[in-house]
>>> print(open('model.tsv').read())   # TSV, C-alpha atoms and all ligand atoms
chain	number	residue	atom	x	y	z
A	28	MET	CA	77.08	160.26	-30.86
A	29	ALA	CA	75.13	157.12	-29.95
A	30	GLU	CA	71.42	157.59	-30.33
A	31	THR	CA	69.42	157.17	-27.13
A	32	PRO	CA	66.31	154.98	-27.49
A	33	LEU	CA	63.23	155.95	-25.49
A	34	SER	CA	60.22	153.98	-24.50
A	35	ASP	CA	56.60	155.00	-24.14
A	36	LEU	CA	57.25	158.55	-25.31
A	37	GLU	CA	54.19	160.22	-26.79
A	38	ALA	CA	54.44	162.76	-29.60
A	39	ILE	CA	52.30	165.42	-31.27
A	40	LEU	CA	52.83	166.08	-34.95
A	41	LEU	CA	51.77	169.47	-36.35
A	42	VAL	CA	50.40	168.95	-39.84
A	43	GLY	CA	47.58	171.47	-40.17
A	44	GLY	CA	49.32	174.14	-42.26
A	45	GLN	CA	48.24	174.94	-45.83
A	46	GLY	CA	51.72	174.77	-47.33
A	47	THR	CA	51.10	177.94	-49.35
A	48	ARG	CA	54.75	178.38	-50.35
A	49	LEU	CA	54.63	174.95	-52.01
A	50	ARG	CA	51.69	175.72	-54.31
A	51	PRO	CA	50.70	174.32	-56.74
A	52	LEU	CA	52.01	171.05	-55.25
A	53	THR	CA	49.92	171.53	-52.11
A	54	LEU	CA	46.65	172.44	-53.87
A	55	GLY	CA	45.58	168.81	-53.77
A	56	THR	CA	47.95	167.25	-51.24
A	57	PRO	CA	49.04	168.63	-47.87
A	58	LYS	CA	52.78	169.34	-47.65
A	59	PRO	CA	53.51	166.47	-45.21
A	60	LEU	CA	52.03	163.95	-47.67
A	61	LEU	CA	53.95	165.03	-50.78
A	62	PRO	CA	55.89	162.11	-52.25
A	63	THR	CA	59.48	162.53	-51.07
A	64	ALA	CA	62.17	160.00	-51.97
A	65	GLY	CA	59.43	157.57	-52.96
A	66	VAL	CA	57.12	157.79	-49.92
A	67	PRO	CA	54.91	160.45	-48.29
A	68	PHE	CA	57.17	163.00	-46.60
A	69	LEU	CA	55.87	162.13	-43.14
A	70	ALA	CA	56.93	158.50	-43.50
A	71	HIS	CA	60.52	159.64	-42.99
A	72	GLN	CA	59.67	161.63	-39.85
A	73	LEU	CA	57.53	158.83	-38.45
A	74	ALA	CA	60.18	156.17	-39.06
A	75	ARG	CA	62.75	158.35	-37.39
A	76	ALA	CA	60.57	159.04	-34.35
A	77	ARG	CA	59.85	155.31	-34.18
A	78	SER	CA	63.58	154.54	-34.27
A	79	PHE	CA	63.89	156.53	-31.02
A	80	GLY	CA	61.18	154.46	-29.37
A	81	VAL	CA	58.22	156.82	-29.86
A	82	GLY	CA	55.19	154.53	-29.84
A	83	ARG	CA	52.18	156.82	-29.99
A	84	ILE	CA	51.68	159.93	-32.10
A	85	VAL	CA	48.79	162.37	-32.14
A	86	PHE	CA	48.41	164.13	-35.49
A	87	ALA	CA	47.20	167.73	-35.15
A	88	THR	CA	45.37	168.15	-38.45
A	89	SER	CA	43.26	170.81	-40.13
A	90	TYR	CA	43.86	171.38	-43.87
A	91	ARG	CA	42.67	168.26	-45.77
A	92	ALA	CA	42.61	166.34	-42.50
A	93	GLU	CA	41.01	163.20	-43.95
A	94	MET	CA	43.97	162.59	-46.24
A	95	PHE	CA	46.22	161.87	-43.25
A	96	SER	CA	44.09	159.08	-41.86
A	97	GLU	CA	43.71	157.65	-45.38
A	98	ALA	CA	47.52	157.53	-45.68
A	99	PHE	CA	48.48	156.35	-42.20
A	100	GLY	CA	45.36	154.73	-40.68
A	101	ASP	CA	45.86	153.59	-37.09
A	102	GLY	CA	49.64	153.56	-37.62
A	103	SER	CA	50.07	149.81	-37.17
A	104	ALA	CA	51.67	149.45	-40.62
A	105	PHE	CA	54.36	151.81	-39.34
A	106	GLY	CA	54.80	150.16	-35.95
A	107	LEU	CA	53.02	153.09	-34.30
A	108	SER	CA	49.70	153.93	-32.75
A	109	ILE	CA	48.34	157.08	-34.42
A	110	GLU	CA	45.45	159.28	-33.24
A	111	TYR	CA	43.96	162.22	-35.13
A	112	MET	CA	42.79	165.48	-33.59
A	113	THR	CA	41.28	167.83	-36.14
A	114	GLU	CA	40.74	171.58	-35.78
A	115	GLU	CA	37.64	172.81	-37.59
A	116	THR	CA	39.40	176.10	-38.17
A	117	PRO	CA	43.19	176.19	-37.72
A	118	LEU	CA	44.16	177.03	-34.14
A	119	GLY	CA	47.77	178.01	-34.83
A	120	THR	CA	50.74	175.98	-33.61
A	121	GLY	CA	50.01	176.47	-29.89
A	122	GLY	CA	46.27	175.97	-30.19
A	123	ALA	CA	46.90	172.82	-32.21
A	124	ILE	CA	49.26	171.40	-29.58
A	125	ARG	CA	46.75	172.18	-26.81
A	126	ASN	CA	43.92	170.58	-28.77
A	127	ALA	CA	45.94	167.47	-29.68
A	128	ALA	CA	47.02	167.03	-26.05
A	129	GLU	CA	43.44	165.93	-25.25
A	130	ALA	CA	44.42	162.62	-26.84
A	131	LEU	CA	47.62	162.11	-24.81
A	132	THR	CA	47.63	159.44	-22.12
A	133	CYS	CA	50.74	160.48	-20.15
A	134	GLY	CA	50.78	162.25	-16.78
A	135	PRO	CA	51.54	165.94	-16.05
A	136	ASP	CA	55.28	165.44	-15.44
A	137	ALA	CA	55.96	163.34	-18.54
A	138	PRO	CA	57.95	164.73	-21.47
A	139	VAL	CA	55.99	165.06	-24.74
A	140	LEU	CA	57.71	165.36	-28.10
A	141	VAL	CA	56.23	167.95	-30.50
A	142	LEU	CA	57.27	167.98	-34.15
A	143	ASN	CA	56.65	170.43	-36.97
A	144	GLY	CA	55.49	168.25	-39.86
A	145	ASP	CA	57.83	169.63	-42.51
A	146	ILE	CA	61.27	169.01	-41.05
A	147	LEU	CA	64.02	166.56	-41.94
A	148	SER	CA	66.46	166.31	-39.07
A	149	GLY	CA	69.31	163.99	-38.18
A	150	HIS	CA	69.55	165.07	-34.55
A	151	ASP	CA	69.44	162.70	-31.59
A	152	ILE	CA	65.87	163.04	-30.28
A	153	GLY	CA	66.68	160.72	-27.37
A	154	ASP	CA	69.50	162.96	-26.20
A	155	GLN	CA	67.24	166.03	-26.48
A	156	VAL	CA	64.63	164.34	-24.27
A	157	ALA	CA	67.30	163.17	-21.80
A	158	ARG	CA	68.63	166.75	-21.51
A	159	HIS	CA	65.10	168.09	-20.97
A	160	VAL	CA	64.40	165.60	-18.19
A	161	SER	CA	67.76	165.95	-16.42
A	162	ARG	CA	67.51	169.76	-16.35
A	163	GLY	CA	63.84	169.71	-15.33
A	164	ALA	CA	62.95	172.15	-18.14
A	165	ALA	CA	59.49	173.41	-19.05
A	166	VAL	CA	60.32	173.16	-22.76
A	167	THR	CA	63.47	172.16	-24.63
A	168	LEU	CA	63.82	173.44	-28.19
A	169	HIS	CA	66.00	171.84	-30.83
A	170	LEU	CA	68.11	174.63	-32.33
A	171	THR	CA	70.17	174.71	-35.49
A	172	GLU	CA	72.31	177.31	-37.22
A	173	VAL	CA	71.26	178.76	-40.61
A	174	ASP	CA	72.63	181.47	-42.90
A	175	ASP	CA	69.41	183.51	-42.97
A	176	PRO	CA	67.72	183.40	-39.54
A	177	SER	CA	65.18	186.09	-40.48
A	178	ARG	CA	62.94	183.43	-42.08
A	179	PHE	CA	62.74	181.42	-38.84
A	180	GLY	CA	62.36	181.76	-35.08
A	181	CYS	CA	65.58	183.36	-33.84
A	182	VAL	CA	66.59	181.86	-30.47
A	183	PRO	CA	69.44	183.36	-28.42
A	184	THR	CA	70.68	181.35	-25.40
A	185	ASP	CA	73.04	181.96	-22.47
A	186	GLU	CA	76.16	179.87	-21.62
A	187	GLU	CA	74.04	177.21	-19.86
A	188	GLY	CA	71.81	176.77	-22.88
A	189	ARG	CA	68.89	178.69	-21.37
A	190	VAL	CA	66.80	180.45	-24.00
A	191	THR	CA	66.81	184.21	-23.32
A	192	ALA	CA	64.37	185.35	-26.04
A	193	PHE	CA	62.24	183.98	-28.87
A	194	LEU	CA	62.04	186.27	-31.90
A	195	GLU	CA	59.80	184.83	-34.62
A	196	LYS	CA	60.76	185.94	-38.15
A	197	THR	CA	62.47	189.09	-36.97
A	198	PRO	CA	64.14	191.33	-39.57
A	199	ASN	CA	66.95	191.91	-37.05
A	200	PRO	CA	68.11	188.49	-35.84
A	201	VAL	CA	70.60	188.55	-32.97
A	202	THR	CA	72.03	185.07	-33.63
A	203	ASN	CA	72.10	182.50	-36.44
A	204	LEU	CA	70.67	179.87	-34.06
A	205	ILE	CA	67.04	179.19	-34.93
A	206	ASN	CA	64.11	177.14	-33.72
A	207	ALA	CA	64.41	173.83	-35.59
A	208	GLY	CA	60.77	172.83	-35.02
A	209	CYS	CA	61.21	169.89	-32.60
A	210	TYR	CA	60.24	170.51	-28.98
A	211	VAL	CA	60.10	168.54	-25.76
A	212	PHE	CA	57.33	169.92	-23.54
A	213	THR	CA	56.60	168.87	-19.99
A	214	ARG	CA	52.96	167.79	-20.31
A	215	SER	CA	51.63	170.22	-17.67
A	216	VAL	CA	53.07	173.13	-19.69
A	217	ILE	CA	50.96	172.10	-22.69
A	218	ASP	CA	47.90	172.00	-20.42
A	219	SER	CA	48.56	175.63	-19.46
A	220	ILE	CA	48.14	176.81	-23.09
A	221	PRO	CA	44.66	178.40	-23.40
A	222	ALA	CA	42.13	176.03	-25.02
A	223	GLY	CA	39.72	176.77	-27.85
A	224	ARG	CA	41.40	179.77	-29.42
A	225	VAL	CA	44.21	180.54	-31.85
A	226	VAL	CA	47.62	180.47	-30.15
A	227	SER	CA	51.07	180.64	-31.70
A	228	VAL	CA	53.76	178.87	-29.66
A	229	GLU	CA	56.34	181.00	-31.42
A	230	ARG	CA	54.72	184.40	-30.82
A	231	GLU	CA	52.85	183.78	-27.57
A	232	THR	CA	53.71	180.62	-25.61
A	233	PHE	CA	57.53	180.66	-25.79
A	234	PRO	CA	57.93	184.43	-25.21
A	235	GLY	CA	55.41	184.17	-22.34
A	236	LEU	CA	57.22	181.27	-20.66
A	237	ILE	CA	60.55	183.11	-20.93
A	238	GLU	CA	59.04	186.26	-19.47
A	239	ASP	CA	57.55	184.28	-16.58
A	240	GLY	CA	60.98	182.85	-15.74
A	241	ALA	CA	60.19	179.25	-16.74
A	242	LEU	CA	63.20	177.17	-17.81
A	243	VAL	CA	63.15	177.12	-21.61
A	244	LEU	CA	66.22	175.26	-22.82
A	245	GLY	CA	67.97	175.17	-26.17
A	246	TYR	CA	69.34	171.92	-27.55
A	247	ALA	CA	71.72	173.11	-30.28
A	248	ASP	CA	73.44	170.72	-32.65
A	249	ALA	CA	74.93	170.68	-36.14
A	250	SER	CA	73.40	167.54	-37.66
A	251	TYR	CA	71.49	167.50	-40.97
A	252	TRP	CA	68.49	169.83	-40.86
A	253	LEU	CA	66.02	171.10	-43.46
A	254	ASP	CA	62.57	172.73	-43.50
A	255	VAL	CA	60.99	171.54	-46.75
A	256	GLY	CA	58.54	174.45	-46.94
A	257	THR	CA	59.67	175.86	-50.33
A	258	PRO	CA	59.91	174.10	-53.71
A	259	ALA	CA	63.72	174.37	-53.73
A	260	ALA	CA	63.97	172.94	-50.21
A	261	PHE	CA	61.44	170.20	-50.97
A	262	VAL	CA	63.46	168.99	-53.96
A	263	LYS	CA	66.68	169.21	-51.94
A	264	GLY	CA	65.15	167.11	-49.16
A	265	SER	CA	64.11	164.40	-51.58
A	266	ARG	CA	67.48	164.22	-53.29
A	267	ASP	CA	69.41	164.27	-49.98
A	268	LEU	CA	67.36	161.27	-48.80
A	269	VAL	CA	67.90	159.37	-52.05
A	270	LEU	CA	71.64	160.12	-51.95
A	271	GLY	CA	71.83	159.04	-48.29
A	272	ARG	CA	72.92	162.43	-46.96
A	273	LEU	CA	70.28	161.87	-44.29
A	274	ALA	CA	69.66	158.22	-43.38
A	275	SER	CA	65.95	157.34	-43.35
A	276	PRO	CA	64.50	153.97	-42.36
A	277	ALA	CA	61.58	154.78	-44.71
A	278	LEU	CA	63.68	155.05	-47.89
A	279	PRO	CA	62.42	152.32	-50.27
A	280	GLY	CA	65.74	150.66	-51.04
A	281	PRO	CA	69.37	151.52	-50.46
A	282	PRO	CA	70.63	155.08	-51.05
A	283	GLY	CA	72.00	155.71	-54.54
A	284	ASP	CA	72.28	158.13	-57.44
A	285	PHE	CA	68.57	157.86	-58.23
A	286	LEU	CA	65.43	156.01	-57.23
A	287	ALA	CA	63.09	154.44	-59.79
A	288	LEU	CA	59.67	153.44	-58.46
A	289	PRO	CA	57.84	150.32	-59.71
A	290	GLY	CA	56.95	150.42	-63.40
A	291	ALA	CA	59.19	153.41	-64.21
A	292	MET	CA	60.59	153.17	-67.73
A	293	ILE	CA	63.94	154.87	-68.22
A	294	SER	CA	65.58	154.68	-71.62
A	295	PRO	CA	69.14	153.31	-71.51
A	296	GLU	CA	70.08	156.43	-73.50
A	297	ALA	CA	68.70	158.76	-70.78
A	298	LYS	CA	70.79	160.02	-67.86
A	299	VAL	CA	69.12	160.12	-64.44
A	300	SER	CA	71.28	161.22	-61.50
A	301	GLY	CA	71.86	163.53	-58.55
A	302	GLY	CA	69.33	161.86	-56.22
A	303	SER	CA	66.40	162.09	-58.64
A	304	VAL	CA	63.21	160.08	-58.17
A	305	VAL	CA	61.38	158.66	-61.18
A	306	GLY	CA	57.76	158.01	-60.17
A	307	ALA	CA	55.79	154.82	-60.67
A	308	ARG	CA	55.07	154.14	-64.36
A	309	ALA	CA	56.79	157.40	-65.34
A	310	VAL	CA	58.62	157.43	-68.67
A	311	VAL	CA	62.02	159.04	-69.39
A	312	GLU	CA	62.88	158.91	-73.07
A	313	SER	CA	66.18	158.66	-74.87
A	314	GLY	CA	68.61	161.55	-74.45
A	315	ALA	CA	66.67	163.11	-71.56
A	316	ARG	CA	68.78	164.31	-68.62
A	317	ILE	CA	67.21	164.33	-65.15
A	318	THR	CA	69.30	165.72	-62.29
A	319	GLY	CA	68.32	166.20	-58.63
A	320	SER	CA	64.60	166.21	-59.48
A	321	VAL	CA	61.33	164.60	-58.45
A	322	LEU	CA	59.30	163.11	-61.32
A	323	GLY	CA	55.75	162.22	-60.27
A	324	ASP	CA	53.93	158.99	-61.02
A	325	ASP	CA	52.78	158.52	-64.63
A	326	CYS	CA	54.59	161.59	-65.98
A	327	VAL	CA	56.48	161.56	-69.26
A	328	VAL	CA	59.76	163.33	-70.04
A	329	HIS	CA	60.25	163.18	-73.79
A	330	ALA	CA	63.49	162.82	-75.73
A	331	ASP	CA	66.36	165.21	-75.10
A	332	ALA	CA	64.56	167.24	-72.40
A	333	GLU	CA	66.62	168.46	-69.47
A	334	VAL	CA	65.13	168.57	-65.94
A	335	VAL	CA	67.31	169.95	-63.14
A	336	ASP	CA	66.35	170.50	-59.46
A	337	SER	CA	62.66	170.52	-60.40
A	338	VAL	CA	59.37	168.81	-59.61
A	339	VAL	CA	57.28	167.33	-62.42
A	340	GLY	CA	53.76	166.56	-61.17
A	341	ILE	CA	51.74	163.38	-61.51
A	342	GLY	CA	50.80	162.66	-65.12
A	343	ALA	CA	52.53	165.82	-66.41
A	344	ARG	CA	54.24	165.85	-69.81
A	345	VAL	CA	57.55	167.53	-70.63
A	346	SER	CA	58.05	167.68	-74.39
A	347	SER	CA	61.21	167.15	-76.42
A	348	GLY	CA	64.08	169.56	-76.04
A	349	THR	CA	62.51	171.41	-73.11
A	350	VAL	CA	64.77	172.76	-70.36
A	351	LEU	CA	63.46	172.97	-66.77
A	352	ARG	CA	65.64	174.28	-63.96
A	353	ASP	CA	64.44	174.92	-60.43
A	354	VAL	CA	60.75	174.87	-61.41
A	355	VAL	CA	57.51	173.15	-60.42
A	356	ILE	CA	55.22	171.61	-63.04
A	357	GLY	CA	51.76	170.90	-61.63
A	358	ASP	CA	49.92	167.59	-61.98
A	359	GLY	CA	48.72	166.89	-65.52
A	360	ALA	CA	50.35	170.01	-67.01
A	361	VAL	CA	51.99	169.89	-70.42
A	362	VAL	CA	55.15	171.81	-71.29
A	363	GLY	CA	55.30	172.15	-75.08
A	364	ALA	CA	58.48	171.42	-77.02
A	365	GLY	CA	61.36	173.85	-76.84
A	366	ASN	CA	60.31	175.81	-73.74
A	367	GLU	CA	62.96	176.93	-71.27
A	368	LEU	CA	61.62	177.48	-67.74
A	369	LEU	CA	63.98	178.71	-65.07
A	370	ALA	CA	64.40	179.73	-61.41
A	371	GLY	CA	61.15	179.56	-59.50
A	372	SER	CA	58.69	179.24	-62.41
A	373	ARG	CA	55.53	177.32	-61.53
A	374	VAL	CA	53.09	175.81	-63.99
A	375	TRP	CA	49.63	175.23	-62.48
A	376	PRO	CA	47.99	171.78	-62.73
A	377	GLY	CA	46.48	170.99	-66.11
A	378	VAL	CA	47.94	174.05	-67.84
A	379	VAL	CA	49.20	173.48	-71.38
A	380	LEU	CA	52.19	175.60	-72.44
A	381	PRO	CA	52.30	175.67	-76.22
A	382	GLU	CA	55.33	174.64	-78.18
A	383	CYS	CA	57.95	177.41	-78.51
A	384	ALA	CA	58.06	178.83	-82.04
A	385	VAL	CA	61.72	179.76	-81.66
A	386	ARG	CA	63.45	176.67	-80.40
A	387	PHE	CA	65.87	177.01	-77.51
A	388	SER	CA	69.09	175.09	-77.95
A	389	SER	CA	71.06	174.02	-74.88
A	390	ASP	CA	74.24	173.96	-76.98
A	391	VAL	CA	74.31	177.71	-77.54
A	401	LIG	N1	47.35	171.65	-36.69
A	401	LIG	C1	47.88	172.80	-37.09
A	401	LIG	N2	47.13	173.94	-36.98
A	401	LIG	N3	49.15	172.83	-37.58
A	401	LIG	C2	49.65	174.02	-37.97
A	401	LIG	C3	48.93	175.21	-37.91
A	401	LIG	C4	47.59	175.16	-37.37
A	401	LIG	O1	46.86	176.17	-37.25
A	401	LIG	N4	49.73	176.21	-38.38
A	401	LIG	C5	50.90	175.65	-38.74
A	401	LIG	N5	50.85	174.31	-38.50
A	401	LIG	C6	51.93	173.33	-38.71
A	401	LIG	C7	52.42	173.26	-40.14
A	401	LIG	O2	51.73	172.25	-40.86
A	401	LIG	C8	53.89	172.89	-39.94
A	401	LIG	O3	54.09	171.49	-39.81
A	401	LIG	C9	54.24	173.53	-38.61
A	401	LIG	O4	53.00	173.78	-37.93
A	401	LIG	C10	55.03	174.83	-38.77
A	401	LIG	O5	54.34	175.69	-39.66
A	401	LIG	P1	55.09	176.36	-40.89
A	401	LIG	O6	54.06	177.13	-41.64
A	401	LIG	O7	55.90	175.37	-41.63
A	401	LIG	O8	56.00	177.40	-40.11
A	401	LIG	P2	57.41	178.00	-40.56
A	401	LIG	O9	58.25	177.02	-41.25
A	401	LIG	O10	57.15	179.30	-41.24
A	401	LIG	O11	58.06	178.36	-39.12
A	401	LIG	C11	58.10	177.38	-38.08
A	401	LIG	O12	59.13	176.44	-38.32
A	401	LIG	C12	60.47	176.99	-38.34
A	401	LIG	C13	61.44	175.83	-38.56
A	401	LIG	O13	61.23	175.25	-39.79
A	401	LIG	C14	58.34	178.12	-36.75
A	401	LIG	O14	58.20	177.17	-35.74
A	401	LIG	C15	59.73	178.76	-36.72
A	401	LIG	O15	59.98	179.31	-35.44
A	401	LIG	C16	60.79	177.71	-37.03
A	401	LIG	O16	62.09	178.32	-37.07
A	402	MG	MG	57.97	175.14	-42.05
>>> encode(input="model.tsv", output="structure tokens", more="lines below")
Ligand code: GDD
Ligand code: MG
Amino acid sequence: MAETPLSDLEAILLVGGQGTRLRPLTLGTPKPLLPTAGVPFLAHQLARARSFGVGRIVFATSYRAEMFSEAFGDGSAFGLSIEYMTEETPLGTGGAIRNAAEALTCGPDAPVLVLNGDILSGHDIGDQVARHVSRGAAVTLHLTEVDDPSRFGCVPTDEEGRVTAFLEKTPNPVTNLINAGCYVFTRSVIDSIPAGRVVSVERETFPGLIEDGALVLGYADASYWLDVGTPAAFVKGSRDLVLGRLASPALPGPPGDFLALPGAMISPEAKVSGGSVVGARAVVESGARITGSVLGDDCVVHADAEVVDSVVGIGARVSSGTVLRDVVIGDGAVVGAGNELLAGSRVWPGVVLPECAVRFSSDV
């Protein structure tokens, strides 16, 4: 489908969450700023919004708010104009949208794009907006199908695409179609969200609009979609971008088997593949095998270590013969020689895991 460019569309980006499921990565850095395929995660979302003609974005911030303005400034380096609206205490998704709307310049009938700040999506934002406008909807929700809808907002629709219910994280989902975290709101609908208190769009605003008979539309499609809220999903997002499974104008360089950032030193006897990123000045020694992983800046992976589908934090050290699969190593941590860490293990920043007395051998 041809992508539909827009002009003068304003957007609100929700980036105030604490990213608890991504700890320890998010202890020092908010989830939307984690380095993903070589750049802060949000750079991909911003470049994509920009490619649809979005010119002005209001960031709804709370957790570590100052780090967003340090990273993106006034937006001019990204061809955007960026404003920041910070909640002293988090107002929830609806309260954040209402608060950020104070910085919008558009009129009451204009469509406003609202984005969750942890989503990679290949859908046609322009077409979603065009559908919203032509149907005169109050809100139009991007929907996607997932295997386990119980972890998301479950969104049944009728034959015309009208949303009939919004069931946030229900244990009994009635459809596999879920809220994909990209909305088009008619501006006046945002203004009707109560100001100055915690509001959840998922638990209060959407169910309320549906109950009141407002036209809440679903925009379902089957393009690439991922919420990067867990370590496994975060690593998958990075490798999919590097491999080109989702095109991103923000990817530093062409898609390929791996991405090495400036100053990275990879031994010719090492094997780096599967969409891995090797951070700036990071070292990968001889015989090491890195697959589908994110290696932070200044980290070292010593000889013959194996790192699969994992994150190695900034300045961390992975000793010889170590095996890491599906794990997160915090910034500055040290994994002593011979350790084998598997499925979901997390090593907190600065922790030193001693060398394993009984060496694990990957040949056994
Ligand atoms: N400013 C601000 N203030 N932002 C917030 C707040 C807040 O109080 N709470 C959450 N956010 C932001 C987060 O930073 C994130 O970008 C977005 O709102 C969604 O929050 P998550 O914590 O990631 O929610 P989720 O993934 O469990 O569920 C949401 O996304 C799913 C799709 O990925 C819901 O919208 C679900 O319905 C949806 O299916
Ligand atoms: Mg999320």
>>> residues_around(input="model.tsv", residues="segment 288-304 of chain A", least_positions_apart="2", cutoff="8 Å", atoms="all atoms listed in the file", output="MDAnalysis selection string")
chainID A and resid 64:65 265:270 283:286 306:322
>>> residues_near_ligand(input="model.tsv", ligand="ligand LIG 401 (chain A)", cutoff="7 Å", atoms="all atoms listed in the file", output="ChimeraX atom specification")
/A:41-46,87-89,114,117-120,123,143-146,179-181,195,205-208,229,254,256
>>> closest_residue(input="model.tsv", among="A:Thr257, A:Ser219, A:Thr184, A:Thr202", to="ligand MG 402 (chain A)", atoms="all atoms listed in the file")
A:Thr257
>>> closest_residue(input="model.tsv", among="A:Leu61, A:Val350, A:Thr113, A:Glu333", to="Leu49 of chain A", atoms="all atoms listed in the file")
A:Leu61
>>> atom_distance(input="model.tsv", atom1="atom CA of Ile217 of chain A", atom2="atom CA of Ile124 of chain A")
7.1 Å
>>> closest_residue(input="model.tsv", among="A:Cys209, A:Arg77, A:Asn203, A:Asp248", to="ligand MG 402 (chain A)", atoms="all atoms listed in the file")
A:Cys209
>>> decode(input="model.tsv", residues="segment 317-367 of chain A", atoms="C-alpha atoms", output="short mmCIF file (atom, residue, chain, number, x, y, z; two decimals), in the first residue's frame")
data_model
loop_
_atom_site.label_atom_id
_atom_site.label_comp_id
_atom_site.auth_asym_id
_atom_site.auth_seq_id
_atom_site.Cartn_x
_atom_site.Cartn_y
_atom_site.Cartn_z
CA ILE A 317 27.53 -12.90 19.11
CA THR A 318 24.07 -13.62 17.70
CA GLY A 319 20.97 -11.39 17.71
CA SER A 320 22.28 -9.34 20.64
CA VAL A 321 22.88 -5.75 21.71
CA LEU A 322 26.39 -5.02 23.03
CA GLY A 323 26.60 -1.64 24.76
CA ASP A 324 29.30 0.97 24.25
CA ASP A 325 32.71 0.18 25.76
CA CYS A 326 31.83 -3.39 26.76
CA VAL A 327 34.21 -6.29 26.27
CA VAL A 328 33.34 -9.84 25.23
CA HIS A 329 36.41 -11.98 25.80
CA ALA A 330 37.65 -14.92 23.75
CA ASP A 331 35.33 -17.83 23.01
CA ALA A 332 32.32 -16.39 24.86
CA GLU A 333 28.90 -16.94 23.33
CA VAL A 334 26.20 -14.24 23.52
CA VAL A 335 22.78 -15.04 22.05
CA ASP A 336 19.63 -12.85 22.08
CA SER A 337 21.00 -10.87 25.03
CA VAL A 338 21.85 -7.34 26.11
CA VAL A 339 25.31 -6.54 27.46
CA GLY A 340 25.31 -3.14 29.19
CA ILE A 341 27.66 -0.22 28.74
CA GLY A 342 31.17 -1.01 29.96
CA ALA A 343 30.21 -4.55 31.05
CA ARG A 344 32.69 -7.42 30.76
CA VAL A 345 31.89 -10.97 29.64
CA SER A 346 34.80 -13.28 30.40
CA SER A 347 36.22 -16.12 28.34
CA GLY A 348 34.11 -19.17 27.68
CA THR A 349 30.96 -17.65 29.17
CA VAL A 350 27.58 -18.52 27.63
CA LEU A 351 24.75 -15.95 27.74
CA ARG A 352 21.36 -16.71 26.22
CA ASP A 353 18.32 -14.48 26.53
CA VAL A 354 19.78 -12.48 29.44
CA VAL A 355 20.44 -8.88 30.43
CA ILE A 356 23.83 -7.83 31.83
CA GLY A 357 23.63 -4.41 33.51
CA ASP A 358 26.05 -1.56 32.85
CA GLY A 359 29.53 -2.14 34.24
CA ALA A 360 28.77 -5.70 35.44
CA VAL A 361 31.36 -8.45 35.11
CA VAL A 362 30.49 -12.04 34.27
CA GLY A 363 33.37 -14.24 35.41
CA ALA A 364 34.84 -16.94 33.18
CA GLY A 365 32.88 -20.10 32.57
CA ASN A 366 29.44 -18.92 33.72
CA GLU A 367 26.35 -20.05 31.83
#
